[in-house]
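Undergrad: protein-v4.txt is the file, holding compact mmCIF, C-alpha atoms:
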```txt
# COMPACT_ATOMS: atom_id res chain seq x y z
CA MET A 1 -40.47 -91.22 53.16
CA TRP A 2 -39.93 -88.46 50.56
CA ALA A 3 -36.15 -88.55 51.15
CA ILE A 4 -36.01 -92.29 50.47
CA MET A 5 -38.27 -91.99 47.43
CA THR A 6 -36.09 -89.19 46.09
CA VAL A 7 -32.92 -91.29 46.38
CA VAL A 8 -34.59 -94.23 44.62
CA VAL A 9 -35.96 -92.08 41.78
CA VAL A 10 -33.13 -89.64 41.01
CA PHE A 11 -29.98 -91.73 41.52
CA GLU A 12 -28.53 -92.60 38.10
CA TYR A 13 -25.43 -94.22 36.61
CA THR A 14 -23.63 -91.04 35.52
CA VAL A 15 -22.99 -87.85 37.49
CA GLY A 16 -24.67 -85.74 34.82
CA ALA A 17 -27.87 -87.81 34.85
CA THR A 18 -28.01 -87.64 38.66
CA LEU A 19 -27.47 -83.86 38.65
CA TYR A 20 -30.09 -83.46 35.93
CA LYS A 21 -32.74 -85.25 37.97
CA CYS A 22 -31.71 -83.76 41.32
CA ILE A 23 -31.73 -80.15 40.15
CA ASN A 24 -34.97 -80.61 38.21
CA ARG A 25 -36.68 -82.32 41.12
CA ALA A 26 -35.54 -79.82 43.77
CA THR A 27 -36.37 -76.77 41.64
CA ALA A 28 -39.74 -78.10 40.50
CA THR A 29 -40.68 -79.10 44.06
CA PHE A 30 -39.78 -75.66 45.43
CA LEU A 31 -41.66 -73.77 42.69
CA ALA A 32 -44.70 -76.04 42.81
CA GLY A 33 -44.81 -75.96 46.61
CA SER A 34 -44.57 -72.18 46.70
CA LEU A 35 -47.30 -71.77 44.07
CA GLY A 36 -49.46 -74.34 45.83
CA VAL A 37 -49.23 -72.47 49.12
CA GLY A 38 -49.93 -69.17 47.39
CA VAL A 39 -52.95 -70.51 45.50
CA HIS A 40 -54.28 -72.07 48.69
CA TRP A 41 -53.95 -68.74 50.54
CA VAL A 42 -55.72 -66.84 47.75
CA ALA A 43 -58.48 -69.45 47.64
CA GLY A 44 -58.87 -69.29 51.44
CA GLN A 45 -59.31 -65.52 51.30
CA SER A 46 -62.01 -65.78 48.63
CA GLY A 47 -64.58 -67.53 50.79
CA GLU A 48 -66.06 -71.00 50.78
CA LYS A 49 -68.02 -70.38 47.59
CA PHE A 50 -65.07 -69.46 45.35
CA GLU A 51 -62.40 -71.59 47.09
CA PRO A 52 -63.01 -74.87 45.17
CA ILE A 53 -63.37 -72.94 41.88
CA ILE A 54 -60.02 -71.18 42.35
CA LEU A 55 -58.26 -74.39 43.38
CA GLY A 56 -59.69 -76.41 40.49
CA SER A 57 -58.99 -73.70 37.92
CA SER A 58 -55.40 -73.19 39.11
CA VAL A 59 -54.65 -76.90 38.99
CA PHE A 60 -56.17 -77.19 35.52
CA LEU A 61 -54.39 -74.13 34.06
CA LEU A 62 -50.93 -74.63 35.59
CA ALA A 63 -50.90 -78.38 35.03
CA SER A 64 -52.01 -77.89 31.41
CA ALA A 65 -49.32 -75.25 30.82
CA ALA A 66 -46.63 -77.50 32.31
CA THR A 67 -47.88 -80.49 30.31
CA PHE A 68 -47.89 -78.72 26.94
CA SER A 69 -44.51 -77.10 27.68
CA ARG A 70 -43.02 -80.60 27.54
CA PHE A 71 -43.69 -80.63 23.79
CA ILE A 72 -41.21 -77.77 23.27
CA PRO A 73 -37.92 -79.42 22.16
CA THR A 74 -35.64 -77.32 24.38
CA ILE A 75 -37.72 -77.87 27.51
CA LYS A 76 -38.20 -81.56 26.75
CA ALA A 77 -34.45 -82.06 26.36
CA ARG A 78 -33.42 -80.35 29.59
CA PHE A 79 -36.46 -79.87 31.85
CA ASP A 80 -38.86 -82.67 30.99
CA TYR A 81 -38.40 -84.40 34.35
CA GLY A 82 -38.81 -81.10 36.21
CA ALA A 83 -42.07 -80.34 34.39
CA MET A 84 -43.46 -83.73 35.36
CA ILE A 85 -42.48 -83.25 39.03
CA PHE A 86 -44.00 -79.74 38.96
CA ILE A 87 -47.37 -81.13 37.84
CA LEU A 88 -47.30 -83.87 40.48
CA THR A 89 -46.20 -81.65 43.38
CA PHE A 90 -48.51 -78.72 42.61
CA SER A 91 -51.52 -80.99 42.29
CA LEU A 92 -50.75 -82.80 45.56
CA VAL A 93 -50.06 -79.62 47.53
CA SER A 94 -53.08 -77.74 46.19
CA LEU A 95 -55.58 -80.56 46.60
CA SER A 96 -54.15 -81.69 49.92
CA GLY A 97 -54.27 -78.10 51.13
CA TYR A 98 -58.01 -78.12 50.62
CA ARG A 99 -58.25 -80.68 53.46
CA VAL A 100 -55.07 -80.18 55.51
CA ASP A 101 -54.76 -77.22 57.88
CA GLU A 102 -51.01 -77.14 58.27
CA LEU A 103 -50.24 -76.76 54.56
CA LEU A 104 -47.12 -74.61 54.99
CA THR A 105 -45.55 -77.11 57.38
CA MET A 106 -46.25 -79.98 55.00
CA ALA A 107 -44.72 -78.12 52.03
CA GLN A 108 -41.69 -77.16 54.12
CA ASN A 109 -41.10 -80.72 55.25
CA ARG A 110 -41.38 -82.08 51.75
CA VAL A 111 -38.94 -79.55 50.30
CA LEU A 112 -36.39 -80.22 53.05
CA THR A 113 -36.62 -84.00 52.77
CA ILE A 114 -36.24 -83.84 48.98
CA LEU A 115 -33.22 -81.55 49.36
CA LEU A 116 -31.76 -84.10 51.77
CA GLY A 117 -32.27 -86.93 49.31
CA THR A 118 -30.86 -85.01 46.33
CA SER A 119 -27.81 -83.89 48.34
CA ILE A 120 -27.03 -87.49 49.28
CA CYS A 121 -27.33 -88.60 45.65
CA ILE A 122 -25.09 -85.80 44.35
CA LEU A 123 -22.37 -86.45 46.93
CA ILE A 124 -22.34 -90.21 46.37
CA SER A 125 -22.37 -90.02 42.55
CA ALA A 126 -19.70 -87.29 42.38
CA LEU A 127 -17.32 -88.54 45.08
CA LEU A 128 -17.63 -92.34 45.13
CA CYS A 129 -16.24 -93.79 41.87
CA PRO A 130 -17.87 -91.13 39.66
CA VAL A 131 -18.88 -91.93 36.09
CA TRP A 132 -18.95 -88.72 34.04
CA ALA A 133 -21.37 -88.52 31.14
CA GLY A 134 -19.01 -86.16 29.31
CA ASN A 135 -16.17 -88.66 29.47
CA GLU A 136 -18.49 -91.46 28.32
CA LEU A 137 -19.55 -89.34 25.33
CA HIS A 138 -15.91 -88.55 24.57
CA LEU A 139 -14.99 -92.25 24.58
CA LEU A 140 -18.04 -93.15 22.50
CA VAL A 141 -17.15 -90.74 19.69
CA ASN A 142 -13.52 -91.89 19.71
CA SER A 143 -14.60 -95.52 19.54
CA ASN A 144 -16.99 -94.78 16.66
CA ALA A 145 -14.19 -93.23 14.60
CA GLU A 146 -12.00 -96.31 15.11
CA LYS A 147 -14.90 -98.64 14.26
CA LEU A 148 -15.54 -96.76 11.02
CA ALA A 149 -11.87 -97.09 10.09
CA ASP A 150 -11.84 -100.83 10.78
CA SER A 151 -15.11 -101.45 8.92
CA LEU A 152 -14.02 -99.47 5.86
CA GLU A 153 -10.65 -101.16 5.62
CA GLY A 154 -12.19 -104.58 6.20
CA CYS A 155 -14.93 -104.13 3.60
CA VAL A 156 -12.56 -103.01 0.86
CA ALA A 157 -10.02 -105.73 1.70
CA GLU A 158 -12.73 -108.40 1.59
CA PHE A 159 -14.08 -107.06 -1.70
CA PHE A 160 -10.79 -106.99 -3.58
CA SER A 161 -8.71 -109.71 -1.93
CA ASN A 162 -11.13 -112.63 -1.81
CA GLY A 163 -13.51 -111.48 -4.48
CA ILE A 164 -17.15 -111.00 -3.73
CA GLY A 165 -18.23 -113.59 -1.23
CA ASN A 166 -19.08 -114.28 2.39
CA THR A 167 -16.58 -113.71 5.16
CA SER A 168 -15.30 -116.76 7.02
CA ASN A 169 -13.09 -115.24 9.70
CA GLU A 170 -14.99 -114.33 12.86
CA ASP A 171 -12.71 -111.40 13.74
CA SER A 172 -12.92 -109.89 10.27
CA SER A 173 -16.68 -110.37 10.33
CA LYS A 174 -16.91 -108.37 13.58
CA LYS A 175 -14.84 -105.58 12.02
CA LEU A 176 -17.08 -105.53 8.96
CA GLN A 177 -20.17 -105.14 11.15
CA ALA A 178 -18.62 -102.55 13.49
CA TYR A 179 -20.19 -99.67 11.55
CA LYS A 180 -23.62 -100.77 12.83
CA CYS A 181 -22.62 -99.64 16.32
CA VAL A 182 -21.99 -96.17 14.87
CA LEU A 183 -25.38 -96.09 13.15
CA ASN A 184 -27.16 -97.15 16.35
CA SER A 185 -25.37 -94.72 18.69
CA LYS A 186 -27.46 -91.60 18.02
CA GLY A 187 -29.81 -92.00 21.00
CA THR A 188 -26.99 -92.78 23.42
CA ALA A 189 -24.90 -89.83 22.22
CA GLU A 190 -27.80 -87.37 22.53
CA SER A 191 -28.61 -88.59 26.04
CA LEU A 192 -24.98 -88.35 27.18
CA ALA A 193 -24.59 -84.87 25.64
CA ASN A 194 -27.70 -83.69 27.48
CA PHE A 195 -26.43 -85.03 30.81
CA ALA A 196 -22.89 -83.73 30.23
CA ARG A 197 -24.18 -80.12 30.17
CA TRP A 198 -25.17 -80.44 33.82
CA GLU A 199 -21.77 -81.65 35.01
CA PRO A 200 -19.12 -79.40 36.57
CA ALA A 201 -15.59 -79.15 35.20
CA HIS A 202 -13.78 -82.48 35.47
CA GLY A 203 -10.58 -83.87 34.02
CA SER A 204 -9.74 -82.19 30.73
CA PHE A 205 -13.27 -80.84 30.25
CA ASN A 206 -14.30 -77.34 31.30
CA PHE A 207 -17.77 -76.38 32.47
CA ARG A 208 -18.59 -74.79 29.09
CA HIS A 209 -17.15 -77.61 27.03
CA PRO A 210 -18.82 -77.74 23.56
CA TRP A 211 -20.73 -81.00 24.02
CA LYS A 212 -23.10 -80.17 21.16
CA GLN A 213 -20.20 -80.40 18.75
CA TYR A 214 -19.84 -84.08 19.57
CA LEU A 215 -23.36 -84.57 18.22
CA LYS A 216 -22.34 -82.90 14.94
CA ILE A 217 -19.32 -85.21 14.73
CA GLY A 218 -21.57 -88.18 15.41
CA ALA A 219 -23.97 -87.10 12.65
CA ALA A 220 -21.07 -86.79 10.20
CA MET A 221 -19.85 -90.26 11.21
CA ARG A 222 -23.29 -91.77 10.66
CA ASN A 223 -23.42 -90.21 7.18
CA CYS A 224 -20.16 -91.97 6.46
CA GLY A 225 -21.45 -95.17 8.06
CA PHE A 226 -24.42 -95.28 5.68
CA CYS A 227 -22.03 -95.44 2.73
CA ILE A 228 -20.00 -98.18 4.42
CA GLU A 229 -23.24 -100.10 4.95
CA SER A 230 -23.96 -99.89 1.22
CA LEU A 231 -20.40 -100.97 0.47
CA SER A 232 -20.74 -103.92 2.85
CA SER A 233 -23.88 -105.10 1.08
CA SER A 234 -21.89 -105.38 -2.17
CA ILE A 235 -19.72 -108.10 -0.63
CA ASN A 236 -22.60 -110.58 -0.60
CA SER A 237 -23.50 -109.96 -4.22
CA GLU A 238 -23.63 -113.00 -6.52
CA VAL A 239 -22.31 -111.10 -9.55
CA GLN A 240 -18.63 -111.81 -10.22
CA VAL A 241 -16.28 -108.98 -11.23
CA PRO A 242 -13.88 -109.72 -14.12
CA LYS A 243 -10.48 -110.59 -12.65
CA SER A 244 -8.55 -108.16 -14.85
CA LEU A 245 -10.66 -105.20 -13.67
CA ASN A 246 -10.49 -106.41 -10.09
CA LYS A 247 -6.70 -106.52 -10.33
CA ASN A 248 -6.23 -103.17 -12.09
CA LEU A 249 -8.53 -101.09 -9.89
CA GLY A 250 -8.16 -103.10 -6.71
CA ASP A 251 -4.78 -101.66 -5.74
CA ILE A 252 -5.99 -98.08 -6.17
CA CYS A 253 -9.16 -98.73 -4.14
CA MET A 254 -7.17 -100.48 -1.41
CA ARG A 255 -4.81 -97.53 -1.28
CA LEU A 256 -7.70 -95.08 -0.99
CA SER A 257 -9.35 -97.11 1.78
CA SER A 258 -6.03 -97.22 3.64
CA HIS A 259 -5.73 -93.41 3.48
CA CYS A 260 -9.34 -92.98 4.60
CA SER A 261 -8.75 -95.29 7.55
CA GLN A 262 -5.60 -93.41 8.51
CA VAL A 263 -7.52 -90.12 8.51
CA LEU A 264 -10.25 -91.58 10.72
CA LYS A 265 -7.72 -93.02 13.15
CA GLU A 266 -5.88 -89.71 13.23
CA LEU A 267 -9.13 -87.93 14.07
CA ALA A 268 -9.77 -90.48 16.83
CA ALA A 269 -6.31 -89.75 18.25
CA THR A 270 -6.97 -86.00 18.03
CA MET A 271 -10.17 -86.29 20.04
CA LYS A 272 -8.72 -88.80 22.49
CA THR A 273 -5.67 -86.74 23.39
CA MET A 274 -7.38 -83.35 22.78
CA ARG A 275 -4.34 -82.25 20.77
CA LYS A 276 -4.01 -80.88 17.24
CA TYR A 277 -1.73 -82.99 15.04
CA SER A 278 0.06 -81.42 12.10
CA THR A 279 -0.09 -84.73 10.22
CA THR A 280 -3.88 -84.53 9.80
CA ASP A 281 -3.69 -82.13 6.86
CA VAL A 282 -1.02 -84.30 5.26
CA LEU A 283 -3.17 -87.42 5.55
CA VAL A 284 -6.20 -85.59 4.13
CA GLY A 285 -4.07 -84.42 1.20
CA GLU A 286 -2.92 -87.99 0.54
CA MET A 287 -6.54 -89.18 0.69
CA ASN A 288 -7.62 -86.53 -1.85
CA PHE A 289 -4.72 -87.48 -4.11
CA ALA A 290 -5.84 -91.13 -3.95
CA VAL A 291 -9.38 -90.03 -4.86
CA GLN A 292 -8.05 -88.14 -7.87
CA GLU A 293 -6.00 -91.18 -8.88
CA LEU A 294 -9.09 -93.39 -8.65
CA GLN A 295 -11.14 -90.95 -10.71
CA ASN A 296 -8.48 -90.93 -13.41
CA ALA A 297 -8.45 -94.73 -13.43
CA LEU A 298 -12.22 -94.73 -13.67
CA LYS A 299 -12.04 -92.69 -16.90
CA SER A 300 -10.14 -95.52 -18.54
CA LEU A 301 -12.78 -98.08 -17.55
CA PRO A 302 -14.67 -98.01 -20.93
CA ASN A 303 -11.48 -98.89 -22.80
CA GLN A 304 -10.83 -101.78 -20.43
CA LEU A 305 -14.39 -103.03 -20.98
CA LEU A 306 -13.86 -102.97 -24.74
CA GLN A 307 -10.67 -105.01 -24.34
CA ILE A 308 -12.47 -107.52 -22.13
CA GLY A 309 -15.30 -107.80 -24.66
CA ALA A 310 -12.78 -108.33 -27.49
CA LYS A 311 -10.99 -111.05 -25.53
CA GLY A 312 -14.27 -112.66 -24.49
CA GLU A 313 -13.24 -112.79 -20.84
CA GLN A 314 -15.97 -114.37 -18.65
CA THR A 315 -18.58 -113.87 -21.37
CA THR A 316 -19.97 -115.61 -24.43
CA THR A 317 -22.58 -113.06 -25.47
CA GLY A 318 -20.46 -110.05 -26.29
CA PHE A 319 -20.24 -106.67 -24.57
CA ILE A 320 -23.42 -106.60 -22.43
CA VAL A 321 -22.41 -109.23 -19.88
CA PRO A 322 -19.11 -107.55 -18.86
CA LEU A 323 -21.04 -104.32 -18.36
CA ILE A 324 -23.39 -106.11 -15.96
CA ASP A 325 -20.49 -107.82 -14.24
CA VAL A 326 -18.71 -104.53 -13.60
CA LEU A 327 -21.65 -102.93 -11.79
CA PRO A 328 -20.57 -104.11 -8.28
CA LEU A 329 -17.07 -102.77 -8.90
CA ALA A 330 -18.40 -99.44 -10.18
CA THR A 331 -20.70 -99.20 -7.17
CA ALA A 332 -17.82 -99.85 -4.81
CA ILE A 333 -15.67 -97.21 -6.53
CA PHE A 334 -18.33 -94.50 -6.37
CA LEU A 335 -19.06 -95.37 -2.75
CA LEU A 336 -15.37 -95.06 -1.89
CA ILE A 337 -15.24 -91.62 -3.49
CA GLU A 338 -18.36 -90.59 -1.56
CA ILE A 339 -16.91 -91.97 1.68
CA ALA A 340 -13.78 -89.89 1.20
CA ALA A 341 -15.93 -86.78 0.69
CA ARG A 342 -17.91 -87.50 3.85
CA ILE A 343 -14.73 -88.10 5.82
CA GLU A 344 -13.77 -84.53 4.98
CA GLY A 345 -17.01 -83.51 6.68
CA ILE A 346 -15.86 -85.37 9.80
CA VAL A 347 -12.50 -83.59 9.57
CA ASP A 348 -14.24 -80.20 9.46
CA ALA A 349 -16.40 -81.10 12.48
CA VAL A 350 -13.37 -82.23 14.49
CA ASP A 351 -11.47 -79.07 13.53
CA GLU A 352 -14.41 -77.01 14.77
CA LEU A 353 -14.36 -78.97 18.03
CA ALA A 354 -10.63 -78.32 18.38
CA ASP A 355 -11.21 -74.58 17.95
CA LEU A 356 -14.15 -74.42 20.36
CA ALA A 357 -12.44 -76.54 23.02
CA GLU A 358 -9.07 -74.85 22.41
CA PHE A 359 -7.05 -77.99 21.75
CA LYS A 360 -3.33 -77.46 22.17
CA PRO A 361 -0.96 -78.37 19.33
CA ALA A 362 0.67 -81.77 19.71
CA ILE A 363 4.45 -82.13 19.61
CA ASP A 364 5.37 -85.09 17.45
CA GLU A 365 8.58 -87.09 17.83
CA GLN A 366 10.38 -85.27 15.04
CA SER A 367 9.61 -81.91 16.60
CA LYS A 368 10.79 -83.17 19.98
CA GLN A 369 14.07 -84.40 18.48
CA SER A 370 14.67 -81.13 16.63
CA GLN A 371 13.83 -79.15 19.75
CA SER A 372 16.19 -81.22 21.92
CA THR A 373 18.94 -80.90 19.28
CA SER A 374 18.52 -77.12 19.15
CA ASP A 375 18.54 -76.93 22.95
CA LYS A 376 21.72 -78.99 23.08
CA THR A 377 23.34 -76.76 20.45
CA ASP A 378 22.39 -73.65 22.41
CA ASP A 379 23.91 -75.15 25.59
CA ASP A 380 27.16 -75.98 23.79
CA THR A 381 27.29 -72.47 22.38
CA MET A 382 26.78 -70.91 25.81
CA LYS A 383 29.53 -73.10 27.31
CA ALA A 384 31.92 -72.12 24.52
CA LEU A 385 31.21 -68.41 25.06
CA GLN A 386 31.76 -68.78 28.79
CA LYS A 387 35.16 -70.38 28.16
CA VAL A 388 36.11 -67.54 25.84
```
Can I see the file as structure tokens?
TA:
Amino acid sequence: MWAIMTVVVVFEYTVGATLYKCINRATATFLAGSLGVGVHWVAGQSGEKFEPIILGSSVFLLASAATFSRFIPTIKARFDYGAMIFILTFSLVSLSGYRVDELLTMAQNRVLTILLGTSICILISALLCPVWAGNELHLLVNSNAEKLADSLEGCVAEFFSNGIGNTSNEDSSKKLQAYKCVLNSKGTAESLANFARWEPAHGSFNFRHPWKQYLKIGAAMRNCGFCIESLSSSINSEVQVPKSLNKNLGDICMRLSSHCSQVLKELAATMKTMRKYSTTDVLVGEMNFAVQELQNALKSLPNQLLQIGAKGEQTTTGFIVPLIDVLPLATAIFLLIEIAARIEGIVDAVDELADLAEFKPAIDEQSKQSQSTSDKTDDDTMKALQKV
């Protein structure tokens, strides 16, 4: 019965989750069973008068300690299930031992049947079409980086190409809303990172792979996603931007969003292949140059507003209306600058992951061609020397 119940309770979708529950359940059952037998022996040696007092006090004290230990963040993250099983097993063994004579045999049988159930679960989950929590976390972070890139590029394109209005294309609408998946992925990422720590080495991941760093990358991506969410809300604004400003600053903003998207996609490729690309620093430099170009263009905005007010473009009341009309554009510009700054935070987090996980440098096509050319030249030189 306990073997079947163990299989039903501990078997999970990923290998890490199954190992987490199996190890916690087996360890907690062994410790609780051993303590239960020991407490029962001590209580039996104390006489009939003190036996119920010792049993009741031990259950109260140990169960209380295990219960309140679950409020400690470290224990709750990694041993919460084990603490719950410890409370259940110790209480059952201690209280059952007060009425059952063969307590040691009962505890032995329960430990062995639970070990049987956990062994079956571990073998099935690890050998039969295994789903690794570490790999799922890896794919989730890569997907989030690509979704951020698509959302950012889509938001800026919608803002400056069609003006400020609602999106009509279903595909573009999905890309605009893709950042919401990034904002809602915190719980899933933390759960997968916790389960990935229990998994053995598999694929490209070592046993001590820095899974916590993926959570830092996810936090940096969510910080960027919050800015994209604010930028997306500007698309549905009813205030119309003057066309001349939209045309003058639109190209620069589109160029900056393109560089930001390229950096995010490059980071996604770095994490996906677990290789360091030399082009990442170049793309970050181009993004920073685009930010500087946008800031310089922003300094000339007051002069452009004066020209619009003098021409009376989209206004009949003077200078105040153009200033109100330009607020969505100014908001979008400042958000783009902030997004670029937060993308640098993602770059730093990915670089730290590359150092901790010891990513190997990637060989791009140009390097491969130059290397093959040099090898061919060396071969020709060797052949010529042999002829001489």
Undergrad: Point out the residue among A:Leu215, A:Ile72, A:Leu115, A:Ile346 with the least atom-to-atom distance to Lys265 of chain A, counting all atoms listed in the file.
TA: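 Of A:Leu215, A:Ile72, A:Leu115, A:Ile346, the one nearest Lys265 of chain A is A:Ile346, counting all atoms listed in the file.
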Undergrad: Can you tell me how far atom CA of Thr105 of chain A sits from atom CA of Leu31 of chain A, in Å to one decimal?
TA: 15.6 Å
Undergrad: Counting all atoms listed in the file, figure out which residue out of A:Ile120, A:Val326, A:Val37, A:Ala107 gets nearest to Val8 of chain A.
TA: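 Result for the nearest residue to Val8 of chain A: A:Ile120.
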Undergrad: Out of A:Tyr81, A:Phe90, A:Phe71, A:Tyr13, which residue has the shortest atom-to-atom distance to Leu35 of chain A when counting all atoms listed in the file?
TA: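 Of A:Tyr81, A:Phe90, A:Phe71, A:Tyr13, the one nearest Leu35 of chain A, counting all atoms listed in the file, is A:Phe90.
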Undergrad: Would you kindly return, as a tab-separated table (two decimals) with C-alpha atoms, keeping the file's coordinate frame, each protein, DNA or RNA residue with an atom no farther than 12 Å from any atom of Met106 of chain A, considering only C-alpha atoms and excluding same-chain residues fewer than 3 positions away?
TA:
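Saved file selection-v1.tsv follows:
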```
chain	number	residue	atom	x	y	z
A	2	TRP	CA	-39.93	-88.46	50.56
A	33	GLY	CA	-44.81	-75.96	46.61
A	34	SER	CA	-44.57	-72.18	46.70
A	36	GLY	CA	-49.46	-74.34	45.83
A	37	VAL	CA	-49.23	-72.47	49.12
A	89	THR	CA	-46.20	-81.65	43.38
A	92	LEU	CA	-50.75	-82.80	45.56
A	93	VAL	CA	-50.06	-79.62	47.53
A	94	SER	CA	-53.08	-77.74	46.19
A	96	SER	CA	-54.15	-81.69	49.92
A	97	GLY	CA	-54.27	-78.10	51.13
A	100	VAL	CA	-55.07	-80.18	55.51
A	101	ASP	CA	-54.76	-77.22	57.88
A	102	GLU	CA	-51.01	-77.14	58.27
A	103	LEU	CA	-50.24	-76.76	54.56
A	109	ASN	CA	-41.10	-80.72	55.25
A	110	ARG	CA	-41.38	-82.08	51.75
A	111	VAL	CA	-38.94	-79.55	50.30
A	112	LEU	CA	-36.39	-80.22	53.05
A	113	THR	CA	-36.62	-84.00	52.77
```
Undergrad: So how far away is atom CA of Leu256 of chain A from atom CA of Gln295 of chain A, in Å?
TA: 11.1 Å
Undergrad: Which polymer residues have any atom within 6 Å of an atom of segment 280-289 of chain A, counting only C-alpha atoms, with same-chain residues fewer than 2 positions away left out, as number ranges by chain?
TA: A: 259, 263, 277-278, 291-292
Undergrad: Would you mind listing what lies within 10 Å of Asn223 of chain A as a list in words, with only C-alpha atoms counted and same-chain residues fewer than 2 positions away left out?
TA: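 Returned residues: Val182, Leu183, Ile217, Gly218, Ala219, Ala220, Met221, Gly225, Phe226, Cys227, Ile228, Ile339, Arg342, Ile343, Gly345 and Ile346 of chain A.
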Undergrad: Write out, as a short mmCIF file (atom, residue, chain, number, x, y, z; two decimals), keeping the file's coordinate frame, the residues just selected, with C-alpha atoms.
TA:
```
data_model
loop_
_atom_site.label_atom_id
_atom_site.label_comp_id
_atom_site.auth_asym_id
_atom_site.auth_seq_id
_atom_site.Cartn_x
_atom_site.Cartn_y
_atom_site.Cartn_z
CA VAL A 182 -21.99 -96.17 14.87
CA LEU A 183 -25.38 -96.09 13.15
CA ILE A 217 -19.32 -85.21 14.73
CA GLY A 218 -21.57 -88.18 15.41
CA ALA A 219 -23.97 -87.10 12.65
CA ALA A 220 -21.07 -86.79 10.20
CA MET A 221 -19.85 -90.26 11.21
CA GLY A 225 -21.45 -95.17 8.06
CA PHE A 226 -24.42 -95.28 5.68
CA CYS A 227 -22.03 -95.44 2.73
CA ILE A 228 -20.00 -98.18 4.42
CA ILE A 339 -16.91 -91.97 1.68
CA ARG A 342 -17.91 -87.50 3.85
CA ILE A 343 -14.73 -88.10 5.82
CA GLY A 345 -17.01 -83.51 6.68
CA ILE A 346 -15.86 -85.37 9.80
#
```
Undergrad: When distances are computed from only C-alpha atoms, which of A:Ser204, A:Asn184, A:Ser69, A:Ser58 shows the smallest separation from Ala357 of chain A?
TA: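 Of A:Ser204, A:Asn184, A:Ser69, A:Ser58, the one nearest Ala357 of chain A, counting only C-alpha atoms, is A:Ser204.
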Undergrad: Of the residues A:Leu148, A:Ile85, A:Leu128, A:Leu192, which is the one nearest to Ile23 of chain A, using all atoms listed in the file?
TA: A:Ile85
